[in-house]
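What follows is the content of data00.csv, which has CSV, C-alpha atoms:
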chain,number,residue,atom,x,y,z
A,1,MET,CA,-16.6,26.6,-19.3
A,2,THR,CA,-19.5,25.5,-17.1
A,3,ARG,CA,-19.3,21.8,-17.7
A,4,VAL,CA,-15.6,21.8,-17.2
A,5,PHE,CA,-15.7,23.5,-13.8
A,6,ALA,CA,-18.7,21.3,-12.7
A,7,ALA,CA,-16.4,18.3,-13.0
A,8,ILE,CA,-13.5,20.1,-11.4
A,9,SER,CA,-15.6,21.1,-8.4
A,10,LEU,CA,-16.2,17.4,-7.6
A,11,ALA,CA,-12.5,16.8,-7.6
A,12,ALA,CA,-11.7,19.8,-5.5
A,13,LEU,CA,-14.7,19.3,-3.2
A,14,LEU,CA,-15.3,23.1,-3.4
A,15,LEU,CA,-17.9,25.3,-5.1
A,16,VAL,CA,-16.4,26.7,-8.3
A,17,VAL,CA,-17.8,29.7,-10.2
A,18,ASP,CA,-16.8,30.5,-13.8
A,19,SER,CA,-15.1,33.9,-14.0
A,20,THR,CA,-13.0,33.3,-17.1
A,21,GLY,CA,-15.1,35.4,-19.4
A,22,LEU,CA,-14.5,32.8,-22.1
A,23,LYS,CA,-17.5,32.2,-24.4
A,24,GLY,CA,-18.5,29.1,-26.3
A,25,SER,CA,-17.5,25.4,-26.0
A,26,TRP,CA,-13.9,24.1,-26.0
A,27,ASP,CA,-11.9,20.8,-26.3
A,28,PHE,CA,-8.9,20.2,-24.1
A,29,ASP,CA,-7.1,17.5,-22.0
A,30,ILE,CA,-6.0,17.8,-18.5
A,31,THR,CA,-4.1,15.4,-16.3
A,32,TRP,CA,-3.5,15.5,-12.6
A,33,THR,CA,-2.9,13.2,-9.6
A,34,PRO,CA,-5.9,12.4,-7.3
A,35,GLN,CA,-5.2,13.4,-3.7
A,36,PHE,CA,-5.2,9.9,-2.4
A,37,LEU,CA,-2.5,8.9,-4.9
A,38,ARG,CA,-0.3,11.9,-4.4
A,39,PRO,CA,1.8,10.6,-1.5
A,40,MET,CA,2.7,7.5,-3.6
A,41,ALA,CA,3.3,9.6,-6.7
A,42,GLY,CA,6.1,11.7,-5.1
A,43,SER,CA,7.8,14.1,-7.5
A,44,ASP,CA,5.6,12.7,-10.4
A,45,GLY,CA,2.4,14.0,-8.8
A,46,VAL,CA,0.6,16.9,-10.3
A,47,THR,CA,-1.9,18.9,-8.2
A,48,LEU,CA,-5.2,20.1,-9.8
A,49,PHE,CA,-4.1,23.7,-9.3
A,50,ASP,CA,-0.8,23.2,-11.2
A,51,ALA,CA,-2.6,21.2,-13.9
A,52,LEU,CA,-5.1,23.9,-14.6
A,53,ASN,CA,-2.4,26.6,-14.5
A,54,LYS,CA,0.3,24.9,-16.6
A,55,GLN,CA,-1.8,22.8,-18.9
A,56,LEU,CA,-4.7,25.1,-19.6
A,57,GLY,CA,-3.6,28.5,-18.6
A,58,LEU,CA,-6.4,28.8,-16.1
A,59,LYS,CA,-6.3,29.4,-12.4
A,60,LEU,CA,-8.4,28.5,-9.3
A,61,GLU,CA,-8.6,31.5,-7.0
A,62,GLU,CA,-10.0,31.0,-3.5
A,63,GLN,CA,-12.7,33.4,-2.3
A,64,LYS,CA,-15.7,33.5,0.0
A,65,LEU,CA,-18.9,32.4,-1.8
A,66,PRO,CA,-22.4,31.8,-0.4
A,67,SER,CA,-23.3,28.2,-0.6
A,68,PRO,CA,-26.1,26.0,0.8
A,69,VAL,CA,-25.0,23.9,3.8
A,70,ILE,CA,-26.5,21.1,5.8
A,71,VAL,CA,-27.3,22.2,9.4
A,72,VAL,CA,-27.9,19.4,12.0
A,73,ASP,CA,-30.5,20.7,14.4
A,74,GLN,CA,-30.7,17.6,16.4
A,75,VAL,CA,-29.3,14.0,16.3
A,76,ASN,CA,-29.3,11.0,18.6
A,77,ARG,CA,-26.0,9.3,19.2
A,78,ALA,CA,-27.5,5.8,19.0
A,79,PRO,CA,-29.9,4.7,16.3
A,80,THR,CA,-33.3,3.1,17.0
A,81,ASP,CA,-33.4,-0.7,16.8
A,82,ASN,CA,-33.8,-2.4,13.4
A,83,PRO,CA,-37.1,-4.2,12.7
A,84,PRO,CA,-37.0,-7.9,13.6
A,85,ASP,CA,-37.6,-8.9,9.9
A,86,ILE,CA,-35.1,-6.5,8.3
A,87,GLN,CA,-33.0,-9.2,6.7
A,88,ALA,CA,-36.0,-10.6,4.8
A,89,LYS,CA,-37.0,-7.2,3.5
A,90,LEU,CA,-33.6,-6.2,2.3
A,91,PRO,CA,-32.8,-7.0,-1.4
A,92,PRO,CA,-29.9,-9.5,-1.9
A,93,LEU,CA,-26.5,-8.0,-2.4
A,94,PRO,CA,-25.1,-8.0,-5.9
A,95,PRO,CA,-22.1,-10.3,-6.6
A,96,ALA,CA,-18.9,-8.9,-5.0
A,97,GLU,CA,-16.8,-9.5,-8.1
A,98,PHE,CA,-16.4,-8.2,-11.6
A,99,GLU,CA,-18.3,-9.9,-14.5
A,100,VAL,CA,-15.1,-9.8,-16.5
A,101,ALA,CA,-11.7,-8.2,-15.8
A,102,ASP,CA,-8.5,-7.6,-17.9
A,103,ILE,CA,-5.4,-6.7,-15.9
A,104,LYS,CA,-1.9,-6.3,-17.3
A,105,PRO,CA,1.4,-4.5,-16.3
A,106,THR,CA,1.6,-0.9,-17.5
A,107,MET,CA,4.2,-0.4,-20.1
A,108,PRO,CA,7.3,1.6,-19.0
A,109,GLY,CA,7.0,5.2,-20.1
A,110,ALA,CA,3.4,4.8,-21.1
A,111,ARG,CA,1.7,8.1,-21.9
A,112,PRO,CA,-1.3,9.2,-19.8
A,113,PRO,CA,-4.4,7.7,-21.5
A,114,GLU,CA,-7.1,9.6,-23.2
A,115,GLY,CA,-10.8,9.2,-22.3
A,116,ARG,CA,-12.6,8.9,-19.0
A,117,LEU,CA,-11.1,7.1,-16.1
A,118,GLY,CA,-12.5,5.5,-12.9
A,119,PHE,CA,-15.8,3.8,-12.3
A,120,LEU,CA,-17.8,4.9,-15.3
A,121,PRO,CA,-21.5,4.9,-16.2
A,122,GLY,CA,-22.9,1.6,-17.1
A,123,GLY,CA,-20.5,-0.3,-14.8
A,124,ARG,CA,-17.4,0.0,-16.9
A,125,VAL,CA,-14.2,0.3,-14.9
A,126,ASN,CA,-11.1,1.9,-16.5
A,127,LEU,CA,-8.0,2.3,-14.3
A,128,PRO,CA,-4.9,2.6,-16.5
A,129,GLY,CA,-1.5,2.8,-14.9
A,130,PHE,CA,-3.1,2.2,-11.5
A,131,PRO,CA,-0.6,1.6,-8.6
A,132,LEU,CA,-1.0,-1.8,-7.1
A,133,ARG,CA,-0.5,-0.4,-3.6
A,134,ALA,CA,-3.4,2.0,-4.3
A,135,ALA,CA,-5.6,-0.8,-5.5
A,136,ILE,CA,-4.9,-2.7,-2.2
A,137,SER,CA,-5.6,0.4,-0.2
A,138,LEU,CA,-8.9,0.9,-2.0
A,139,ALA,CA,-9.9,-2.8,-1.8
A,140,TRP,CA,-9.3,-3.0,2.0
A,141,ASN,CA,-10.3,0.6,2.9
A,142,LEU,CA,-6.8,1.5,4.1
A,143,LEU,CA,-5.4,5.1,4.3
A,144,PRO,CA,-3.0,5.9,1.5
A,145,LEU,CA,0.1,5.7,3.8
A,146,GLU,CA,-1.2,3.1,6.2
A,147,GLU,CA,1.4,0.5,7.0
A,148,ILE,CA,1.2,-2.8,5.1
A,149,VAL,CA,3.2,-5.5,6.8
A,150,GLY,CA,4.8,-8.1,4.6
A,151,ALA,CA,4.6,-5.8,1.5
A,152,PRO,CA,7.4,-6.7,-1.0
A,153,LYS,CA,9.7,-4.0,-2.2
A,154,TRP,CA,8.2,-4.0,-5.7
A,155,LEU,CA,4.7,-3.2,-4.4
A,156,ASP,CA,5.2,0.6,-4.5
A,157,SER,CA,6.4,0.7,-8.1
A,158,ALA,CA,4.1,-1.8,-9.6
A,159,ARG,CA,1.4,-0.3,-11.9
A,160,PHE,CA,-1.3,-2.1,-13.9
A,161,ASP,CA,-3.9,-1.3,-16.5
A,162,ILE,CA,-7.2,-2.6,-15.2
A,163,ILE,CA,-10.3,-2.7,-17.4
A,164,ALA,CA,-13.4,-4.5,-16.0
A,165,LYS,CA,-17.2,-4.7,-16.1
A,166,ALA,CA,-19.1,-4.5,-12.8
A,167,PRO,CA,-22.3,-6.5,-12.3
A,168,ALA,CA,-25.6,-4.9,-13.2
A,169,GLY,CA,-27.0,-2.9,-10.4
A,170,ILE,CA,-23.7,-1.7,-9.0
A,171,ALA,CA,-23.5,1.4,-11.1
A,172,PRO,CA,-26.0,4.2,-10.4
A,173,ALA,CA,-29.2,3.9,-12.5
A,174,SER,CA,-28.9,7.6,-13.3
A,175,GLY,CA,-25.9,6.9,-15.5
A,176,ALA,CA,-23.6,9.0,-13.4
A,177,PRO,CA,-20.1,7.8,-12.5
A,178,ALA,CA,-20.0,5.6,-9.4
A,179,PRO,CA,-17.7,6.3,-6.4
A,180,LEU,CA,-14.4,4.4,-6.5
A,181,LEU,CA,-15.1,3.0,-3.0
A,182,ASP,CA,-17.9,1.0,-4.5
A,183,LEU,CA,-15.2,-1.1,-6.3
A,184,ALA,CA,-13.7,-2.3,-3.0
A,185,PRO,CA,-15.2,-5.8,-2.7
A,186,MET,CA,-14.7,-6.5,-6.4
A,187,LEU,CA,-11.1,-5.3,-6.3
A,188,GLN,CA,-10.5,-7.6,-3.3
A,189,ALA,CA,-11.9,-10.6,-5.2
A,190,LEU,CA,-9.8,-9.6,-8.3
A,191,LEU,CA,-6.5,-9.3,-6.3
A,192,LYS,CA,-7.1,-12.5,-4.4
A,193,ASP,CA,-7.8,-14.4,-7.7
A,194,ARG,CA,-5.2,-12.9,-10.0
A,195,PHE,CA,-2.3,-12.2,-7.6
A,196,LYS,CA,-3.1,-15.1,-5.3
A,197,MET,CA,-3.2,-12.7,-2.4
A,198,GLN,CA,-3.6,-14.0,1.2
A,199,THR,CA,-4.1,-11.4,3.9
A,200,HIS,CA,-5.2,-10.8,7.4
A,201,PHE,CA,-5.4,-8.1,10.1
A,202,GLU,CA,-3.6,-8.5,13.4
A,203,ASN,CA,-2.7,-6.4,16.4
A,204,ARG,CA,0.9,-5.2,16.4
A,205,PRO,CA,2.9,-2.5,18.2
A,206,VAL,CA,3.0,0.6,16.0
A,207,THR,CA,4.4,4.1,16.4
A,208,ALA,CA,1.4,6.3,17.1
A,209,TYR,CA,0.9,9.7,18.8
A,210,ARG,CA,-0.5,11.1,22.0
A,211,LEU,CA,-1.6,14.8,22.3
A,212,VAL,CA,-0.1,16.4,25.4
A,213,ALA,CA,-0.1,19.9,26.9
A,214,SER,CA,3.1,22.0,26.9
A,215,LYS,CA,2.1,25.7,27.3
A,216,PRO,CA,-1.4,25.8,25.9
A,217,LYS,CA,-2.4,28.8,23.8
A,218,LEU,CA,-6.2,28.2,23.6
A,219,LYS,CA,-9.2,30.5,23.8
A,220,ASN,CA,-12.3,29.7,25.8
A,221,ALA,CA,-15.1,28.7,23.4
A,222,ASP,CA,-18.6,30.2,23.1
A,223,PRO,CA,-20.7,27.2,24.1
A,224,SER,CA,-23.5,28.3,21.8
A,225,SER,CA,-21.3,28.0,18.6
A,226,ARG,CA,-21.0,25.0,16.4
A,227,THR,CA,-18.4,22.4,17.2
A,228,ARG,CA,-16.2,22.0,14.1
A,229,CYS,CA,-12.7,22.2,12.6
A,230,LYS,CA,-12.6,24.0,9.2
A,231,GLN,CA,-9.7,23.7,6.7
A,232,GLU,CA,-8.8,26.2,4.1
A,233,ASN,CA,-5.9,27.4,2.0
A,234,GLY,CA,-3.5,29.9,3.6
A,235,PRO,CA,-1.5,32.7,2.1
A,236,GLY,CA,1.8,30.8,2.1
A,237,VAL,CA,2.9,28.4,-0.6
A,238,VAL,CA,4.6,25.0,-0.2
A,239,ASN,CA,7.1,24.9,-3.0
A,240,SER,CA,9.1,21.8,-3.9
A,241,GLY,CA,10.2,21.8,-7.5
A,242,PRO,CA,7.4,20.3,-9.5
A,243,ILE,CA,4.8,20.6,-6.7
A,244,ARG,CA,3.4,23.9,-5.4
A,245,MET,CA,0.4,24.2,-3.1
A,246,PRO,CA,-1.0,26.6,-0.5
A,247,THR,CA,-0.3,26.0,3.2
A,248,ARG,CA,-3.2,24.6,5.2
A,249,VAL,CA,-5.0,26.7,7.8
A,250,VAL,CA,-7.2,24.8,10.4
A,251,THR,CA,-9.7,26.7,12.5
A,252,CYS,CA,-11.4,24.9,15.3
A,253,GLN,CA,-14.2,26.2,17.4
A,254,ASN,CA,-16.0,24.9,20.5
A,255,ILE,CA,-14.0,21.7,20.5
A,256,THR,CA,-12.6,19.6,23.3
A,257,MET,CA,-9.1,18.2,23.2
A,258,ALA,CA,-10.5,14.6,22.9
A,259,GLU,CA,-12.5,15.7,19.8
A,260,PHE,CA,-9.4,17.5,18.4
A,261,ALA,CA,-7.3,14.4,18.8
A,262,ASP,CA,-9.9,12.4,16.9
A,263,GLN,CA,-9.8,14.9,14.1
A,264,LEU,CA,-6.0,15.0,13.6
A,265,GLN,CA,-5.9,11.8,11.5
A,266,ILE,CA,-8.4,13.4,9.1
A,267,ILE,CA,-6.8,16.9,9.2
A,268,ALA,CA,-3.2,15.7,8.6
A,269,GLY,CA,-3.3,12.2,7.1
A,270,PRO,CA,0.2,12.3,5.6
A,271,TYR,CA,1.6,12.9,9.1
A,272,VAL,CA,-0.7,10.8,11.3
A,273,ARG,CA,-1.2,7.1,10.3
A,274,TYR,CA,-3.1,6.0,13.4
A,275,PRO,CA,-5.7,7.6,15.8
A,276,VAL,CA,-4.3,10.1,18.2
A,277,LEU,CA,-5.0,9.8,21.9
A,278,ASP,CA,-5.8,12.8,24.1
A,279,GLY,CA,-3.3,13.0,27.0
A,280,THR,CA,-3.6,16.8,27.6
A,281,GLY,CA,-5.7,16.6,30.7
A,282,ILE,CA,-7.4,19.8,29.5
A,283,VAL,CA,-11.1,19.9,30.1
A,284,GLY,CA,-13.8,22.1,28.4
A,285,ALA,CA,-14.2,23.4,24.9
A,286,TRP,CA,-11.8,25.7,23.1
A,287,ASP,CA,-11.3,27.9,20.0
A,288,PHE,CA,-7.9,28.0,18.2
A,289,SER,CA,-6.3,28.0,14.7
A,290,PHE,CA,-3.0,26.9,13.3
A,291,SER,CA,-1.3,26.5,9.9
A,292,PHE,CA,1.1,24.0,8.5
A,293,SER,CA,2.5,22.4,5.3
A,294,PRO,CA,0.2,19.7,4.0
A,295,ILE,CA,3.3,17.9,2.7
A,296,PRO,CA,5.6,16.6,5.4
A,297,PRO,CA,9.2,18.0,5.2
A,298,ASN,CA,10.6,14.4,4.8
A,299,GLN,CA,8.5,14.0,1.7
A,300,LEU,CA,9.5,17.4,0.4
A,301,ALA,CA,13.2,16.3,0.7
A,302,GLY,CA,12.5,13.3,-1.4
A,303,MET,CA,10.7,15.4,-4.0
A,304,ARG,CA,13.8,17.7,-4.3
A,305,GLY,CA,16.1,14.7,-4.8
A,306,ALA,CA,17.4,14.3,-1.3
A,307,PRO,CA,17.5,10.9,0.3
A,308,ARG,CA,14.0,10.1,1.4
A,309,PRO,CA,13.6,9.2,5.1
A,310,GLY,CA,11.0,6.8,6.5
A,311,LEU,CA,7.3,7.3,6.0
A,312,PRO,CA,5.6,9.9,8.2
A,313,GLY,CA,4.3,8.6,11.4
A,314,GLU,CA,7.4,6.6,12.3
A,315,ALA,CA,8.8,9.4,14.3
A,316,PRO,CA,8.1,13.1,14.7
A,317,VAL,CA,9.5,15.1,11.8
A,318,ALA,CA,11.9,17.7,13.2
A,319,ALA,CA,12.4,21.3,12.2
A,320,SER,CA,10.3,23.4,9.9
A,321,ASP,CA,11.4,23.3,6.3
A,322,PRO,CA,12.5,26.7,4.9
A,323,VAL,CA,10.9,26.0,1.5
A,324,GLY,CA,8.0,23.8,2.5
A,325,GLY,CA,6.8,25.7,5.5
A,326,ILE,CA,6.1,24.5,9.0
A,327,SER,CA,5.5,20.8,9.8
A,328,LEU,CA,2.4,19.7,11.7
A,329,PHE,CA,4.5,18.8,14.7
A,330,ASP,CA,6.0,22.3,14.9
A,331,ALA,CA,2.7,24.0,14.2
A,332,ILE,CA,1.0,22.1,17.1
A,333,GLU,CA,3.8,23.0,19.5
A,334,LYS,CA,4.6,26.5,18.6
A,335,GLN,CA,1.2,27.8,17.6
A,336,LEU,CA,-1.1,25.9,20.1
A,337,GLY,CA,1.3,25.1,23.0
A,338,LEU,CA,0.5,21.4,22.6
A,339,LYS,CA,2.7,18.5,21.5
A,340,LEU,CA,2.4,15.2,19.6
A,341,GLU,CA,4.4,12.6,21.5
A,342,ALA,CA,5.3,9.4,19.7
A,343,GLN,CA,4.5,6.2,21.6
A,344,LYS,CA,4.3,2.5,20.9
A,345,ARG,CA,0.7,1.2,20.9
A,346,SER,CA,-1.0,-2.0,19.9
A,347,TYR,CA,-3.1,-1.5,16.7
A,348,PRO,CA,-4.7,-3.7,14.0
A,349,VAL,CA,-2.4,-3.6,11.0
A,350,PHE,CA,-3.0,-5.1,7.5
A,351,VAL,CA,-0.7,-8.1,6.8
A,352,ILE,CA,0.1,-9.6,3.4
A,353,ASP,CA,0.8,-13.3,3.9
A,354,HIS,CA,1.4,-13.9,0.2
A,355,ILE,CA,1.2,-12.1,-3.2
A,356,GLU,CA,2.5,-12.9,-6.6
A,357,GLU,CA,4.5,-10.3,-8.5
A,358,LYS,CA,2.7,-11.1,-11.8
A,359,PRO,CA,-1.0,-11.7,-12.2
A,360,THR,CA,-2.3,-14.9,-13.8
A,361,ASP,CA,-3.1,-14.7,-17.5
A,362,ASN,CA,-6.4,-13.1,-18.6
Take the structure from the file and write it as structure tokens.
Amino acid sequence: MTRVFAAISLAALLLVVDSTGLKGSWDFDITWTPQFLRPMAGSDGVTLFDALNKQLGLKLEEQKLPSPVIVVDQVNRAPTDNPPDIQAKLPPLPPAEFEVADIKPTMPGARPPEGRLGFLPGGRVNLPGFPLRAAISLAWNLLPLEEIVGAPKWLDSARFDIIAKAPAGIAPASGAPAPLLDLAPMLQALLKDRFKMQTHFENRPVTAYRLVASKPKLKNADPSSRTRCKQENGPGVVNSGPIRMPTRVVTCQNITMAEFADQLQIIAGPYVRYPVLDGTGIVGAWDFSFSFSPIPPNQLAGMRGAPRPGLPGEAPVAASDPVGGISLFDAIEKQLGLKLEAQKRSYPVFVIDHIEEKPTDN
């Protein structure tokens, strides 16, 4: 099972050790929804944990394991200046477009494809059933739930089979699969060409959050400890019909409130679309921990068949969900004595000026 778990460890971003006791080599298929697509997949999404358990009869159990880590002993905030002739010494960038690309609507009810997916060795790109919204988010480096102004209603449901060939030099020379983010400029060119997309960024008022103090429950930090916020699975389980996942436990140490506010968009992306501002007035560094449901209660309601409210980030989600656990907003207030207040703020948003529903012919 070594090769299998080596691939899974990359998807889970965790060290995985084989304790199955199974000997020999095996053939099997497994299908799950990547994390950045899960908010858009809704009730159709399948976590890696559920896929392993239900499709293969295997299970990922969390435990403490020794692992090499990178320790930063010293770093300067500002880099040294570039050499004056740096542009002449850099090799030219490869073309920011595919050599050839085939794109067509995914057939309704199409079965999950067999074979390897993503940005494959040799520069081949295989993205069957890829949501158009996800392609736009990837092409313009947007967060999965980041607001897209001017998006037509059909954008969230449109899926396409994309097969393409990247220029030589884009894929790693080692033959390993390339990161999907390397596709961004080529996807931009493809979408502009085939869907006649026209876009721009502009500052608009958005609903964002400010972190304020209510009745702080924080512990003075040891100044000699590392500044960090660590995330891990908690003992509770978020259960919403087809989706089950552990609650998320966040432990921060030696961190200021300004640094914590900066981290919240990374810690809780489905709740927080835009950067959080620190309005606590609390100085110094602190230790604290809190736990919450990684799926916002409004999304859980949609997964259970209830009418789905607006996307998270438009207003604070209210009470904790009895099935899905505590929301980020309740966790921050009840466990830390802080509060996320919604406010209108000017922020650059992505605007679609024009997009065709059907791509031009191959």
Can you tell me, as a PyMOL selection string, what residues are no more than 10 Å from segment 244-253 of chain A when counting all atoms listed in the file, ignoring any on the same chain fewer than 2 positions away?
chain A and resi 46-50+219-223+225-242+255-256+260+267-268+285-295+324-326+328
Would you put the residues from that selection into a file with C-alpha atoms, as an mmCIF file, keeping the file's coordinate frame?
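Output (part.cif):
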data_model
loop_
_atom_site.group_PDB
_atom_site.id
_atom_site.type_symbol
_atom_site.label_atom_id
_atom_site.label_comp_id
_atom_site.auth_asym_id
_atom_site.auth_seq_id
_atom_site.Cartn_x
_atom_site.Cartn_y
_atom_site.Cartn_z
ATOM 1 C CA VAL A 46 0.600 16.900 -10.300
ATOM 2 C CA THR A 47 -1.900 18.900 -8.200
ATOM 3 C CA LEU A 48 -5.200 20.100 -9.800
ATOM 4 C CA PHE A 49 -4.100 23.700 -9.300
ATOM 5 C CA ASP A 50 -0.800 23.200 -11.200
ATOM 6 C CA LYS A 219 -9.200 30.500 23.800
ATOM 7 C CA ASN A 220 -12.300 29.700 25.800
ATOM 8 C CA ALA A 221 -15.100 28.700 23.400
ATOM 9 C CA ASP A 222 -18.600 30.200 23.100
ATOM 10 C CA PRO A 223 -20.700 27.200 24.100
ATOM 11 C CA SER A 225 -21.300 28.000 18.600
ATOM 12 C CA ARG A 226 -21.000 25.000 16.400
ATOM 13 C CA THR A 227 -18.400 22.400 17.200
ATOM 14 C CA ARG A 228 -16.200 22.000 14.100
ATOM 15 C CA CYS A 229 -12.700 22.200 12.600
ATOM 16 C CA LYS A 230 -12.600 24.000 9.200
ATOM 17 C CA GLN A 231 -9.700 23.700 6.700
ATOM 18 C CA GLU A 232 -8.800 26.200 4.100
ATOM 19 C CA ASN A 233 -5.900 27.400 2.000
ATOM 20 C CA GLY A 234 -3.500 29.900 3.600
ATOM 21 C CA PRO A 235 -1.500 32.700 2.100
ATOM 22 C CA GLY A 236 1.800 30.800 2.100
ATOM 23 C CA VAL A 237 2.900 28.400 -0.600
ATOM 24 C CA VAL A 238 4.600 25.000 -0.200
ATOM 25 C CA ASN A 239 7.100 24.900 -3.000
ATOM 26 C CA SER A 240 9.100 21.800 -3.900
ATOM 27 C CA GLY A 241 10.200 21.800 -7.500
ATOM 28 C CA PRO A 242 7.400 20.300 -9.500
ATOM 29 C CA ILE A 255 -14.000 21.700 20.500
ATOM 30 C CA THR A 256 -12.600 19.600 23.300
ATOM 31 C CA PHE A 260 -9.400 17.500 18.400
ATOM 32 C CA ILE A 267 -6.800 16.900 9.200
ATOM 33 C CA ALA A 268 -3.200 15.700 8.600
ATOM 34 C CA ALA A 285 -14.200 23.400 24.900
ATOM 35 C CA TRP A 286 -11.800 25.700 23.100
ATOM 36 C CA ASP A 287 -11.300 27.900 20.000
ATOM 37 C CA PHE A 288 -7.900 28.000 18.200
ATOM 38 C CA SER A 289 -6.300 28.000 14.700
ATOM 39 C CA PHE A 290 -3.000 26.900 13.300
ATOM 40 C CA SER A 291 -1.300 26.500 9.900
ATOM 41 C CA PHE A 292 1.100 24.000 8.500
ATOM 42 C CA SER A 293 2.500 22.400 5.300
ATOM 43 C CA PRO A 294 0.200 19.700 4.000
ATOM 44 C CA ILE A 295 3.300 17.900 2.700
ATOM 45 C CA GLY A 324 8.000 23.800 2.500
ATOM 46 C CA GLY A 325 6.800 25.700 5.500
ATOM 47 C CA ILE A 326 6.100 24.500 9.000
ATOM 48 C CA LEU A 328 2.400 19.700 11.700
#
Using only C-alpha atoms, can you tell me which of A:Gln198, A:Ser137, A:Thr80, A:Asn126 comes closest to Asp102 of chain A?
A:Asn126
Selection: 10 Å around Phe201 of chain A, only C-alpha atoms, excl. self and same-chain fewer than 4 positions, as a ChimeraX atom specification
/A:148-149,347-352
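The interatomic distance for the pair atom CA of Leu60 of chain A and atom CA of Ile30 of chain A works out to 14.3 Å.
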How many Å lie between atom CA of Pro152 of chain A and atom CA of Glu97 of chain A, rounded to one decimal?
25.4 Å
Expressed in Å to a single decimal, how great is the separation between atom CA of Pro297 of chain A and atom CA of Gly57 of chain A?
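Pair atom CA of Pro297 of chain A / atom CA of Gly57 of chain A returns 29.0 Å.
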Would you please work out which residue, of A:Val69, A:Ile355, A:Val283, A:Leu264, is nearest to Met197 of chain A when using only C-alpha atoms?
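When distances to Met197 of chain A are compared using only C-alpha atoms, the smallest one comes from A:Ile355.
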Please return the centre and edge lengths, in Å to one decimal, of a box with edges along x, y and z that contains all listed atoms of segment 190-207 of chain A, widened by 5 Å on every side, as JSON.
{"center_x": -2.7, "center_y": -5.5, "center_z": 4.1, "size_x": 24.2, "size_y": 29.2, "size_z": 38.2}
Measuring between only C-alpha atoms, which one of A:Leu90, A:Met186, A:Ala139, A:Leu52 shows the shortest distance to Pro167 of chain A?
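Among A:Leu90, A:Met186, A:Ala139, A:Leu52, it is A:Met186 that comes nearest to Pro167 of chain A.
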Name all residues at most 10 Å from Lys196 of chain A (count all atoms listed in the file; drop same-chain ones fewer than 6 positions away) and give them as a count of residues only.
9
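The shortest atom-to-atom distance to Glu341 of chain A, with all atoms listed in the file taken into account, belongs to A:Thr207 out of A:Ser224, A:Asn362, A:Ser25, A:Thr207.
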